[in-house]
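This is final.cif (mmCIF, C-alpha atoms).
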```cif
data_data
#
loop_
_atom_site.label_atom_id
_atom_site.label_comp_id
_atom_site.auth_asym_id
_atom_site.auth_seq_id
_atom_site.Cartn_x
_atom_site.Cartn_y
_atom_site.Cartn_z
CA MET A 1 94.61 45.83 46.01
CA THR A 2 96.49 47.85 43.48
CA PHE A 3 96.77 47.70 39.74
CA ARG A 4 99.07 49.11 37.12
CA LYS A 5 98.29 51.64 34.40
CA LYS A 6 98.87 49.13 31.63
CA TYR A 7 98.84 45.38 31.04
CA ASP A 8 99.38 43.33 27.91
CA VAL A 9 96.04 41.59 28.35
CA ILE A 10 92.86 42.42 30.28
CA VAL A 11 90.36 39.61 30.83
CA ILE A 12 86.81 40.68 31.70
CA GLY A 13 85.10 38.02 33.84
CA ALA A 14 86.64 35.46 36.21
CA GLY A 15 84.55 32.42 35.27
CA PRO A 16 86.19 29.26 33.90
CA ALA A 17 86.69 30.72 30.39
CA GLY A 18 88.21 33.95 31.71
CA SER A 19 90.45 32.33 34.31
CA VAL A 20 91.81 29.75 31.89
CA ALA A 21 92.41 32.48 29.28
CA ALA A 22 94.26 34.54 31.89
CA ARG A 23 96.33 31.58 32.98
CA PHE A 24 97.40 30.68 29.42
CA ALA A 25 98.20 34.28 28.52
CA ALA A 26 100.29 34.67 31.69
CA GLU A 27 101.95 31.27 31.28
CA HIS A 28 103.11 32.33 27.83
CA GLY A 29 104.64 35.55 29.04
CA ALA A 30 101.94 38.23 28.95
CA SER A 31 101.11 40.54 31.85
CA VAL A 32 97.45 39.95 32.68
CA LEU A 33 94.75 41.68 34.71
CA ILE A 34 91.40 39.96 35.37
CA LEU A 35 88.46 42.25 36.13
CA GLU A 36 85.60 40.63 38.06
CA ARG A 37 82.36 42.41 38.89
CA ASP A 38 81.56 40.31 41.95
CA ARG A 39 83.46 40.29 45.20
CA GLU A 40 85.04 36.89 44.48
CA PRO A 41 85.19 34.45 41.55
CA GLY A 42 82.50 31.79 41.24
CA ILE A 43 79.60 33.69 42.75
CA PRO A 44 76.73 33.67 42.23
CA VAL A 45 76.65 30.14 40.83
CA ARG A 46 74.44 29.97 37.74
CA CYS A 47 75.07 26.43 36.65
CA ALA A 48 73.89 22.82 36.96
CA GLU A 49 77.56 22.03 37.77
CA GLY A 50 77.95 18.80 35.77
CA VAL A 51 81.21 18.10 33.89
CA SER A 52 83.15 15.12 32.56
CA HIS A 53 86.48 14.10 34.06
CA ASP A 54 88.09 14.07 30.63
CA GLY A 55 86.83 17.58 29.93
CA ILE A 56 88.39 19.32 32.93
CA ALA A 57 91.43 17.12 33.66
CA PRO A 58 93.66 18.83 31.04
CA PHE A 59 93.24 22.15 32.85
CA ILE A 60 93.46 21.45 36.55
CA ASP A 61 94.46 18.67 38.95
CA ILE A 62 91.31 17.04 40.23
CA ASP A 63 90.74 18.08 43.83
CA GLU A 64 88.06 16.61 46.13
CA LYS A 65 87.59 20.06 47.60
CA TRP A 66 85.52 21.21 44.64
CA ILE A 67 83.83 17.92 43.80
CA ALA A 68 80.40 17.31 45.32
CA THR A 69 79.74 13.91 43.76
CA THR A 70 81.38 11.54 41.29
CA ILE A 71 78.98 10.43 38.58
CA LYS A 72 79.02 6.97 37.02
CA LYS A 73 75.48 6.57 35.75
CA ALA A 74 73.01 8.49 33.65
CA LYS A 75 69.28 7.98 33.66
CA LEU A 76 67.07 9.19 30.83
CA VAL A 77 63.36 9.38 31.56
CA ALA A 78 60.99 9.40 28.59
CA PRO A 79 57.84 11.53 28.51
CA ASN A 80 55.76 8.47 29.49
CA GLY A 81 57.97 7.82 32.52
CA GLU A 82 59.92 4.86 31.14
CA GLU A 83 63.48 4.96 32.37
CA LEU A 84 66.70 4.16 30.58
CA LEU A 85 69.67 3.61 32.85
CA MET A 86 73.14 3.79 31.34
CA GLU A 87 75.93 2.55 33.55
CA ASN A 88 78.88 2.39 31.18
CA ASN A 89 79.65 6.07 30.92
CA PRO A 90 82.88 7.98 31.30
CA THR A 91 83.34 9.41 34.80
CA GLY A 92 81.69 12.74 35.49
CA TYR A 93 81.46 15.13 38.42
CA VAL A 94 78.96 17.47 39.95
CA LEU A 95 81.11 20.39 41.01
CA GLU A 96 81.05 22.97 43.74
CA ARG A 97 81.36 25.71 41.15
CA ARG A 98 82.16 28.38 43.68
CA LEU A 99 85.27 26.51 44.82
CA PHE A 100 86.11 25.24 41.34
CA ASP A 101 86.08 28.76 39.89
CA THR A 102 88.23 30.00 42.76
CA ALA A 103 90.74 27.19 42.14
CA LEU A 104 90.94 28.07 38.43
CA CYS A 105 91.42 31.73 39.23
CA ASN A 106 94.11 30.92 41.80
CA LEU A 107 95.89 28.88 39.15
CA ALA A 108 95.88 31.92 36.84
CA ALA A 109 97.35 33.94 39.71
CA GLU A 110 100.08 31.33 40.25
CA PHE A 111 101.13 31.90 36.65
CA GLY A 112 101.29 35.64 37.32
CA ALA A 113 97.85 37.00 36.42
CA GLU A 114 96.45 39.67 38.74
CA LEU A 115 92.84 39.63 39.87
CA LEU A 116 90.77 42.71 40.69
CA THR A 117 87.35 41.96 42.16
CA LYS A 118 84.46 44.39 42.55
CA ALA A 119 85.76 45.93 39.33
CA ASP A 120 82.78 46.59 37.07
CA ALA A 121 83.72 47.11 33.42
CA PHE A 122 81.34 49.49 31.66
CA ASP A 123 83.06 50.32 28.37
CA LEU A 124 86.17 49.90 26.25
CA PHE A 125 88.64 52.76 26.09
CA LYS A 126 89.32 53.68 22.48
CA GLU A 127 91.53 56.15 20.64
CA ALA A 128 90.62 56.95 17.04
CA GLY A 129 88.30 53.95 17.12
CA GLU A 130 91.04 51.57 18.22
CA ILE A 131 90.69 49.62 21.47
CA LYS A 132 93.35 50.79 23.92
CA GLY A 133 92.02 49.64 27.27
CA VAL A 134 89.04 49.05 29.53
CA LYS A 135 86.92 51.47 31.55
CA PHE A 136 85.59 50.21 34.86
CA THR A 137 84.49 51.36 38.27
CA TYR A 138 86.43 50.35 41.35
CA ARG A 139 85.78 51.53 44.88
CA GLY A 140 83.45 54.25 43.68
CA LYS A 141 85.86 55.66 41.10
CA GLU A 142 85.96 55.43 37.34
CA GLU A 143 89.23 53.96 36.16
CA ILE A 144 90.92 53.36 32.81
CA VAL A 145 93.57 50.68 32.46
CA LEU A 146 95.35 50.32 29.14
CA CYS A 147 96.02 47.04 27.35
CA ASP A 148 96.82 45.60 23.93
CA VAL A 149 94.34 42.74 24.03
CA VAL A 150 90.92 42.45 25.69
CA ILE A 151 89.54 38.98 26.33
CA ALA A 152 85.78 39.25 26.85
CA ALA A 153 84.60 36.46 29.16
CA ASP A 154 81.55 38.29 30.45
CA GLY A 155 79.11 35.42 30.15
CA VAL A 156 75.60 35.17 28.82
CA GLU A 157 75.00 38.94 28.74
CA SER A 158 77.92 39.32 26.31
CA ARG A 159 78.02 43.09 26.34
CA VAL A 160 81.78 43.66 26.05
CA GLY A 161 81.75 42.36 22.47
CA ARG A 162 79.04 44.88 21.61
CA TRP A 163 81.25 47.70 22.81
CA ALA A 164 83.67 46.53 20.12
CA GLY A 165 80.91 46.52 17.50
CA ILE A 166 80.38 42.74 17.47
CA LYS A 167 76.85 41.40 17.24
CA THR A 168 76.32 39.05 20.18
CA ASP A 169 72.55 38.95 20.77
CA LEU A 170 70.69 35.70 20.18
CA PRO A 171 67.14 35.12 18.92
CA LEU A 172 64.73 33.65 21.48
CA GLU A 173 64.85 30.16 19.96
CA ASP A 174 68.62 30.07 20.57
CA MET A 175 68.53 31.08 24.24
CA GLU A 176 67.12 28.81 26.94
CA THR A 177 65.47 30.35 29.95
CA SER A 178 66.34 28.33 33.02
CA VAL A 179 65.36 27.93 36.65
CA MET A 180 67.08 25.62 39.12
CA TYR A 181 66.37 24.75 42.75
CA GLN A 182 69.11 23.75 45.14
CA MET A 183 67.16 21.18 47.14
CA THR A 184 67.83 19.28 50.36
CA ASP A 185 65.89 16.70 52.38
CA ILE A 186 65.46 14.56 49.31
CA ASP A 187 66.54 11.03 48.48
CA VAL A 188 68.76 10.80 45.40
CA ASP A 189 71.27 8.35 43.94
CA PRO A 190 74.59 10.18 44.51
CA ASP A 191 76.33 8.70 41.46
CA CYS A 192 73.57 9.13 38.91
CA CYS A 193 72.58 12.17 36.85
CA GLU A 194 68.96 12.12 35.72
CA PHE A 195 67.49 13.72 32.61
CA TYR A 196 63.75 14.08 32.03
CA PHE A 197 62.22 14.80 28.65
CA GLY A 198 58.83 15.74 27.32
CA ASN A 199 56.68 18.55 26.13
CA GLU A 200 54.90 18.71 29.50
CA ILE A 201 58.20 18.48 31.42
CA ALA A 202 60.41 21.00 29.61
CA PRO A 203 59.30 22.06 26.11
CA GLN A 204 62.26 22.36 23.71
CA GLY A 205 64.64 21.52 26.53
CA TYR A 206 65.08 19.04 29.36
CA LEU A 207 65.00 18.79 33.12
CA TRP A 208 67.97 17.62 35.15
CA VAL A 209 68.52 16.18 38.61
CA PHE A 210 72.22 16.40 39.46
CA PRO A 211 73.01 15.00 42.93
CA LYS A 212 75.23 16.99 45.27
CA SER A 213 75.03 14.32 48.00
CA ARG A 214 72.67 11.49 49.00
CA THR A 215 70.15 14.03 50.21
CA SER A 216 70.64 17.12 48.05
CA ALA A 217 70.63 17.98 44.36
CA ASN A 218 70.52 20.68 41.71
CA ILE A 219 67.11 20.25 40.13
CA GLY A 220 66.50 22.53 37.21
CA LEU A 221 65.36 22.88 33.66
CA GLY A 222 65.76 24.97 30.60
CA ILE A 223 63.15 25.72 27.98
CA ALA A 224 63.67 27.56 24.72
CA GLY A 225 62.95 31.27 25.01
CA SER A 226 60.52 30.86 22.14
CA SER A 227 58.60 28.31 24.27
CA ALA A 228 58.28 30.71 27.20
CA LEU A 229 55.57 32.93 25.71
CA LYS A 230 52.80 31.46 27.85
CA LYS A 231 54.29 29.39 30.62
CA LYS A 232 57.54 30.35 32.30
CA PRO A 233 60.23 27.81 33.28
CA GLN A 234 59.38 27.97 36.97
CA PHE A 235 55.87 26.72 36.24
CA TYR A 236 57.33 23.50 34.84
CA LEU A 237 59.88 23.13 37.63
CA ASP A 238 57.26 23.56 40.36
CA GLN A 239 55.08 21.00 38.63
CA PHE A 240 57.95 18.50 38.60
CA VAL A 241 59.10 19.11 42.15
CA GLN A 242 55.57 18.79 43.55
CA LYS A 243 55.22 15.46 41.80
CA HIS A 244 58.65 13.95 42.51
CA TYR A 245 59.98 15.67 45.64
CA PRO A 246 56.93 17.01 47.52
CA ALA A 247 58.69 16.78 50.90
CA GLY A 248 61.97 18.31 49.71
CA LYS A 249 63.19 21.70 50.82
CA ILE A 250 64.08 24.40 48.33
CA ASN A 251 67.11 26.19 49.74
CA TYR A 252 67.63 28.71 47.01
CA ILE A 253 66.67 29.47 43.44
CA VAL A 254 69.03 30.01 40.54
CA TYR A 255 67.85 31.90 37.47
CA ALA A 256 69.93 31.78 34.31
CA GLY A 257 70.03 31.97 30.55
CA ILE A 258 71.74 29.25 28.52
CA PRO A 259 72.91 30.00 24.97
CA THR A 260 72.01 27.13 22.61
CA SER A 261 73.22 28.53 19.31
CA ASP A 262 76.22 28.03 17.08
CA THR A 263 79.41 29.88 18.03
CA LEU A 264 79.00 33.57 17.12
CA ASN A 265 79.98 34.41 13.55
CA GLN A 266 82.44 36.93 14.87
CA ILE A 267 84.47 36.23 18.02
CA VAL A 268 87.53 38.29 17.08
CA ALA A 269 88.15 41.92 16.16
CA ASP A 270 91.21 44.17 16.37
CA HIS A 271 92.53 43.95 19.96
CA ILE A 272 89.69 41.73 21.23
CA MET A 273 88.62 38.07 21.51
CA LEU A 274 85.38 36.70 22.97
CA VAL A 275 85.40 33.43 24.94
CA GLY A 276 82.92 31.11 26.66
CA ASP A 277 79.22 31.96 27.01
CA ALA A 278 80.02 35.44 25.68
CA ALA A 279 81.09 33.84 22.38
CA ARG A 280 78.17 31.37 22.68
CA GLN A 281 80.63 28.47 22.94
CA VAL A 282 78.12 26.11 24.51
CA ASN A 283 76.92 22.68 23.47
CA PRO A 284 73.56 23.69 21.96
CA ILE A 285 71.91 20.36 22.81
CA THR A 286 73.02 19.83 26.41
CA GLY A 287 73.61 23.45 27.35
CA GLY A 288 76.98 22.47 28.81
CA GLY A 289 79.57 25.22 28.57
CA ILE A 290 82.24 24.80 31.26
CA VAL A 291 84.66 22.67 29.27
CA GLN A 292 83.90 24.56 26.05
CA GLY A 293 84.77 27.83 27.78
CA MET A 294 87.98 26.41 29.21
CA ILE A 295 89.13 25.09 25.84
CA ALA A 296 88.31 28.41 24.16
CA GLY A 297 90.05 30.29 26.97
CA SER A 298 93.20 28.19 26.62
CA ILE A 299 93.38 28.92 22.90
CA ALA A 300 92.59 32.63 23.21
CA GLY A 301 95.04 33.10 26.09
CA LYS A 302 97.87 31.55 24.12
CA VAL A 303 97.04 33.57 20.98
CA ALA A 304 96.93 36.76 23.08
CA ALA A 305 100.42 36.04 24.43
CA ASP A 306 101.68 35.33 20.90
CA ALA A 307 100.15 38.59 19.70
CA VAL A 308 102.02 40.44 22.47
CA LYS A 309 105.30 38.81 21.44
CA GLU A 310 104.80 39.74 17.79
CA ARG A 311 103.19 43.14 18.54
CA ASN A 312 100.36 42.28 16.17
CA PHE A 313 96.85 42.81 17.46
CA LYS A 314 94.98 42.87 14.18
CA THR A 315 91.93 40.70 13.51
CA LYS A 316 93.91 38.77 10.95
CA PHE A 317 96.44 37.64 13.56
CA LEU A 318 93.92 37.00 16.33
CA LYS A 319 91.90 34.84 13.94
CA ARG A 320 94.34 32.06 14.81
CA TYR A 321 92.09 31.66 17.81
CA ARG A 322 88.99 31.20 15.65
CA LYS A 323 90.78 28.73 13.42
CA GLU A 324 91.97 26.61 16.32
CA TRP A 325 88.54 26.78 18.00
CA ASN A 326 86.89 25.52 14.82
CA LYS A 327 89.32 22.62 14.79
CA ARG A 328 88.87 21.72 18.47
CA LEU A 329 85.13 22.14 19.05
CA GLY A 330 83.68 24.71 16.66
CA LYS A 331 82.87 22.20 13.96
CA THR A 332 81.24 19.85 16.47
CA GLN A 333 79.17 22.70 17.82
CA LYS A 334 78.01 23.56 14.32
CA THR A 335 76.87 19.97 13.77
CA MET A 336 75.13 19.90 17.17
CA TYR A 337 73.37 23.13 16.35
CA ALA A 338 72.12 21.72 13.07
CA MET A 339 70.83 18.67 14.96
CA LYS A 340 69.27 20.70 17.76
CA GLU A 341 66.06 21.41 15.94
CA LYS A 342 65.45 17.76 15.14
CA TYR A 343 66.36 16.70 18.63
CA LEU A 344 64.40 19.32 20.52
CA GLY A 345 61.48 19.06 18.13
CA ILE A 346 61.12 15.34 18.76
CA LYS A 347 57.54 14.33 19.55
CA ASP A 348 56.87 12.68 22.91
CA LYS A 349 55.59 9.50 21.27
CA ARG A 350 58.73 9.02 19.25
CA PHE A 351 60.89 9.61 22.30
CA ASN A 352 58.91 7.00 24.23
CA ASN A 353 59.50 4.51 21.44
CA LEU A 354 63.19 5.28 21.39
CA VAL A 355 63.63 4.63 25.12
CA LYS A 356 61.55 1.46 24.84
CA ALA A 357 63.80 0.24 22.04
CA MET A 358 66.97 1.06 23.93
CA ASN A 359 65.73 -0.81 26.99
CA LYS A 360 65.70 -4.04 24.99
CA ILE A 361 69.48 -3.94 24.94
CA PRO A 362 71.05 -5.96 27.78
CA LYS A 363 72.18 -3.61 30.54
CA ASP A 364 75.83 -4.57 30.36
CA LYS A 365 75.82 -3.82 26.65
CA LEU A 366 74.08 -0.49 26.98
CA SER A 367 76.74 2.00 26.06
CA ILE A 368 77.39 4.63 23.47
CA LYS A 369 78.63 1.95 21.11
CA THR A 370 75.50 -0.18 21.33
CA LEU A 371 73.39 2.87 20.68
CA PHE A 372 75.02 3.00 17.30
CA THR A 373 74.90 -0.65 16.46
CA GLU A 374 71.86 -2.15 18.18
CA VAL A 375 69.27 0.57 18.41
CA VAL A 376 69.83 1.71 14.86
CA LYS A 377 67.59 -1.19 13.85
CA ASN A 378 64.54 0.35 15.51
CA ASP A 379 64.41 3.90 14.27
CA PRO A 380 67.56 4.40 12.27
CA LYS A 381 66.92 7.96 11.27
CA LEU A 382 65.99 9.12 14.71
CA VAL A 383 68.76 7.29 16.46
CA ILE A 384 71.35 8.74 14.21
CA GLU A 385 69.92 12.21 14.51
CA VAL A 386 69.16 12.18 18.18
CA ALA A 387 70.73 9.50 20.31
CA ARG A 388 74.21 10.05 19.01
CA SER A 389 74.22 13.75 19.46
CA PHE A 390 72.78 13.48 22.93
CA VAL A 391 74.77 10.63 24.38
CA VAL A 392 78.10 11.52 22.91
CA SER A 393 77.87 15.04 24.19
CA LYS A 394 76.09 14.49 27.46
CA PHE A 395 78.84 15.58 29.78
CA LYS A 396 80.60 18.00 27.51
CA MET B 397 59.68 47.68 29.37
CA LYS B 398 60.23 48.00 33.09
CA ILE B 399 62.35 45.90 35.43
CA GLU B 400 61.03 45.11 38.88
CA SER B 401 64.33 45.28 40.74
CA SER B 402 63.09 43.31 43.75
CA LEU B 403 62.46 40.33 41.44
CA CYS B 404 65.52 40.76 39.20
CA ASP B 405 68.34 38.25 39.83
CA ILE B 406 70.85 40.12 37.62
CA CYS B 407 71.45 36.98 35.54
CA GLY B 408 72.00 38.96 32.33
CA THR B 409 69.80 36.78 30.13
CA CYS B 410 67.71 39.78 29.00
CA ALA B 411 70.80 41.59 27.72
CA GLY B 412 71.82 38.45 25.82
CA VAL B 413 68.67 38.58 23.68
CA CYS B 414 68.35 42.36 23.30
CA PRO B 415 68.84 43.15 19.60
CA VAL B 416 69.55 46.85 20.16
CA ASP B 417 71.81 46.79 23.25
CA ALA B 418 69.25 48.71 25.27
CA ILE B 419 69.92 46.79 28.48
CA ARG B 420 72.68 47.96 30.76
CA ILE B 421 74.01 45.96 33.68
CA PHE B 422 76.04 48.12 35.97
CA GLU B 423 76.77 48.08 39.68
CA PHE B 424 74.31 45.26 40.25
CA LYS B 425 71.41 47.00 38.58
CA VAL B 426 69.80 46.10 35.30
CA GLU B 427 68.34 49.03 33.43
CA ILE B 428 66.44 49.32 30.16
CA ASP B 429 67.07 52.37 28.04
CA ASN B 430 63.60 53.14 26.73
CA GLU B 431 65.05 55.51 24.13
CA LYS B 432 66.82 52.59 22.47
CA CYS B 433 64.13 49.96 23.18
CA ILE B 434 62.19 48.83 20.09
CA ASP B 435 59.51 47.05 22.13
CA CYS B 436 60.33 43.56 20.73
CA LYS B 437 59.55 41.99 24.14
CA ASN B 438 62.44 39.49 23.90
CA CYS B 439 63.56 40.42 27.42
CA LEU B 440 60.07 40.11 28.87
CA ILE B 441 59.59 36.67 27.33
CA ILE B 442 63.02 35.26 28.26
CA CYS B 443 63.36 36.59 31.83
CA PRO B 444 63.48 33.44 34.00
CA ALA B 445 62.71 35.43 37.15
CA GLU B 446 59.63 37.04 35.58
CA ALA B 447 60.95 40.45 36.62
CA ILE B 448 60.22 42.39 33.42
CA LYS B 449 56.83 43.95 32.81
CA GLU B 450 55.38 46.11 30.08
CA GLU B 451 55.22 49.73 31.02
CA LYS B 452 51.67 50.97 31.03
#
```

Show this structure as structure tokens.
Amino acid sequence: MTFRKKYDVIVIGAGPAGSVAARFAAEHGASVLILERDREPGIPVRCAEGVSHDGIAPFIDIDEKWIATTIKKAKLVAPNGEELLMENNPTGYVLERRLFDTALCNLAAEFGAELLTKADAFDLFKEAGEIKGVKFTYRGKEEIVLCDVVIAADGVESRVGRWAGIKTDLPLEDMETSVMYQMTDIDVDPDCCEFYFGNEIAPQGYLWVFPKSRTSANIGLGIAGSSALKKKPQFYLDQFVQKHYPAGKINYIVYAGIPTSDTLNQIVADHIMLVGDAARQVNPITGGGIVQGMIAGSIAGKVAADAVKERNFKTKFLKRYRKEWNKRLGKTQKTMYAMKEKYLGIKDKRFNNLVKAMNKIPKDKLSIKTLFTEVVKNDPKLVIEVARSFVVSKFK
Amino acid sequence: MKIESSLCDICGTCAGVCPVDAIRIFEFKVEIDNEKCIDCKNCLIICPAEAIKEEK
């Protein structure tokens, strides 16, 4: 693999946010290099892999190759074990992220972006304080490649932004610590995603069972960092697995952090834009970030190409990205973040009551709409605060 | 703070909560710069793999 001395745009990180950013920048005329630390895109997978059809369809043609299961149903399980099954949901998928990420990256390449794997960015190259390129190691050598725009898609660690002087760290209450088991030899409903709640299950978070087939699933949970002082997430996951899937096999373990904050205050500076987990563009209630990252990437990629055309790389110009993000999802994320505390702080007893109330609704009427109209009668405040934010955003 | 590299999964969560950018992830190693570290313990608390310990 070779690379040039200069590109219009360098994207750091070949996850969904980075690949979509690269594709949109290239599609709109910019020369683009993607730097990826790992040996191929999509590895290691650090994700529960659930997405909605409507969320990903604008960005890629749906391909069975990277779909493990098609999801029609969602099951919520209250702290007391009472179940609420919702069957009238929009279609979702559990992905094979490794293949999905590769497909997105290939799409960027089809539009002309170049990919360099095993390229480990370690700093920005600056002249007189101005970003002029990226420093990285490749095949044992330190390299500098010049560019006009850096798109930082480096995920939860979000270190590239710091090199540009942007504050990206989150307080413990706004970062979930997460453990997931990829399990086989279990019996699961292949078209139903399950969500378990409760202070003993996953404090300030939730536990998920996302089927990958009839006999395998991603079973994981996230708890707020501030809840992990005494017991770590794996304690809760082991407790759950021993109770529900004692005969199942744990194939491998995935450790991850999930940002659950508002979008960072600053996601743009001269010559640089942050996208995806790096910009904390994640639904702070569900922890879902794939679609958010792709939407942000599409906006940032287009703005980068526009900046190249107009030879204007100043914050003021690049802020078009921030403005458009606020319009598309930023405002929603802000609302979700404000609701997070109420939702995650919900007492077990109140959650039990909520599920009980929802279960009185006839099954065929149990949908997002009925949650608004019917259940409001039971605990209006709570339903408005909690049910709406959760259900509406579940697959986002 | 000290990272037990045999337990570390290089997930990057620790760096995401470090308020002073003391955690470096480079060539598949996570390192804490104890010169910069302010001993806030954020990384130790958040680490999902339980790979970070206090240095005695």

Protein, DNA and RNA residues within 7 Å of (62.2, 22.7, 37.6), only C-alpha atoms, as an NGL selection string | :A and (179-181 or 207 or 219-221 or 233-234 or 236-238 or 240-241)

Expanded to explicit residues, what is the PyMOL selection byres ((chain A) within 7 of (chain B)) for this file, as number ranges by chain?
-> A: 120, 122, 156-158, 169-172, 177-179, 225, 228-229, 232-233, 255-257

Nearest to A:Asp191, chosen from A:Arg280, A:Lys72, A:Arg98, A:Arg4, with all atoms listed in the file counted in the distances = A:Lys72

Pull out every residue that the PyMOL selection byres ((chain B and resi 448) around 7) matches in the shown coordinates and put them as a ChimeraX atom specification.
-> /B:397-400,440,443,446-447,449-450

If you apply the PyMOL selection byres ((chain A and resi 330-343) around 6) to this file, what residues do you get, as a ChimeraX atom specification?
-> /A:262,284-285,325-326,329,344-346,386

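Across the model, the gap from atom CA of A:Ile186 to atom CA of A:Pro246 is 9.1 Å.
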
For stretch 149-163 of chain A of the structure just presented, write N, CA, C and O atoms to a file, as a JSON list (two decimals), in the first residue's frame.
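Contents of out01.json, freshly written:
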```json
[["chain", "number", "residue", "atom", "x", "y", "z"],
["A", 149, "VAL", "N", -8.01, 19.29, 6.06],
["A", 149, "VAL", "CA", -9.03, 19.00, 7.07],
["A", 149, "VAL", "C", -8.77, 17.64, 7.69],
["A", 149, "VAL", "O", -8.53, 16.66, 6.98],
["A", 150, "VAL", "N", -8.82, 17.58, 9.03],
["A", 150, "VAL", "CA", -8.78, 16.30, 9.75],
["A", 150, "VAL", "C", -10.19, 16.00, 10.23],
["A", 150, "VAL", "O", -10.85, 16.87, 10.80],
["A", 151, "ILE", "N", -10.66, 14.78, 9.99],
["A", 151, "ILE", "CA", -11.92, 14.34, 10.59],
["A", 151, "ILE", "C", -11.57, 13.28, 11.62],
["A", 151, "ILE", "O", -11.05, 12.21, 11.28],
["A", 152, "ALA", "N", -11.80, 13.62, 12.89],
["A", 152, "ALA", "CA", -11.44, 12.71, 13.99],
["A", 152, "ALA", "C", -12.61, 11.78, 14.27],
["A", 152, "ALA", "O", -13.64, 12.20, 14.77],
["A", 153, "ALA", "N", -12.43, 10.50, 13.92],
["A", 153, "ALA", "CA", -13.46, 9.48, 14.16],
["A", 153, "ALA", "C", -12.82, 8.37, 14.97],
["A", 153, "ALA", "O", -12.94, 7.19, 14.65],
["A", 154, "ASP", "N", -12.11, 8.76, 16.03],
["A", 154, "ASP", "CA", -11.29, 7.80, 16.76],
["A", 154, "ASP", "C", -11.99, 7.19, 17.96],
["A", 154, "ASP", "O", -11.35, 6.60, 18.83],
["A", 155, "GLY", "N", -13.33, 7.31, 18.00],
["A", 155, "GLY", "CA", -14.08, 6.51, 18.95],
["A", 155, "GLY", "C", -14.04, 7.03, 20.38],
["A", 155, "GLY", "O", -13.71, 8.19, 20.63],
["A", 156, "VAL", "N", -14.36, 6.12, 21.29],
["A", 156, "VAL", "CA", -14.62, 6.49, 22.68],
["A", 156, "VAL", "C", -13.40, 7.15, 23.34],
["A", 156, "VAL", "O", -13.54, 8.02, 24.19],
["A", 157, "GLU", "N", -12.20, 6.78, 22.93],
["A", 157, "GLU", "CA", -11.01, 7.38, 23.55],
["A", 157, "GLU", "C", -10.88, 8.87, 23.21],
["A", 157, "GLU", "O", -10.35, 9.64, 23.99],
["A", 158, "SER", "N", -11.33, 9.24, 22.04],
["A", 158, "SER", "CA", -11.37, 10.64, 21.59],
["A", 158, "SER", "C", -10.13, 11.44, 21.95],
["A", 158, "SER", "O", -10.19, 12.43, 22.66],
["A", 159, "ARG", "N", -9.00, 10.98, 21.44],
["A", 159, "ARG", "CA", -7.74, 11.66, 21.76],
["A", 159, "ARG", "C", -7.32, 12.65, 20.68],
["A", 159, "ARG", "O", -6.61, 13.61, 20.97],
["A", 160, "VAL", "N", -7.75, 12.42, 19.45],
["A", 160, "VAL", "CA", -7.35, 13.30, 18.35],
["A", 160, "VAL", "C", -7.81, 14.74, 18.63],
["A", 160, "VAL", "O", -7.06, 15.70, 18.45],
["A", 161, "GLY", "N", -9.04, 14.87, 19.10],
["A", 161, "GLY", "CA", -9.58, 16.19, 19.43],
["A", 161, "GLY", "C", -8.72, 16.91, 20.47],
["A", 161, "GLY", "O", -8.51, 18.12, 20.38],
["A", 162, "ARG", "N", -8.21, 16.14, 21.41],
["A", 162, "ARG", "CA", -7.35, 16.75, 22.45],
["A", 162, "ARG", "C", -6.08, 17.32, 21.85],
["A", 162, "ARG", "O", -5.56, 18.34, 22.33],
["A", 163, "TRP", "N", -5.57, 16.64, 20.83],
["A", 163, "TRP", "CA", -4.35, 17.15, 20.18],
["A", 163, "TRP", "C", -4.61, 18.50, 19.54],
["A", 163, "TRP", "O", -3.69, 19.27, 19.30]]
```
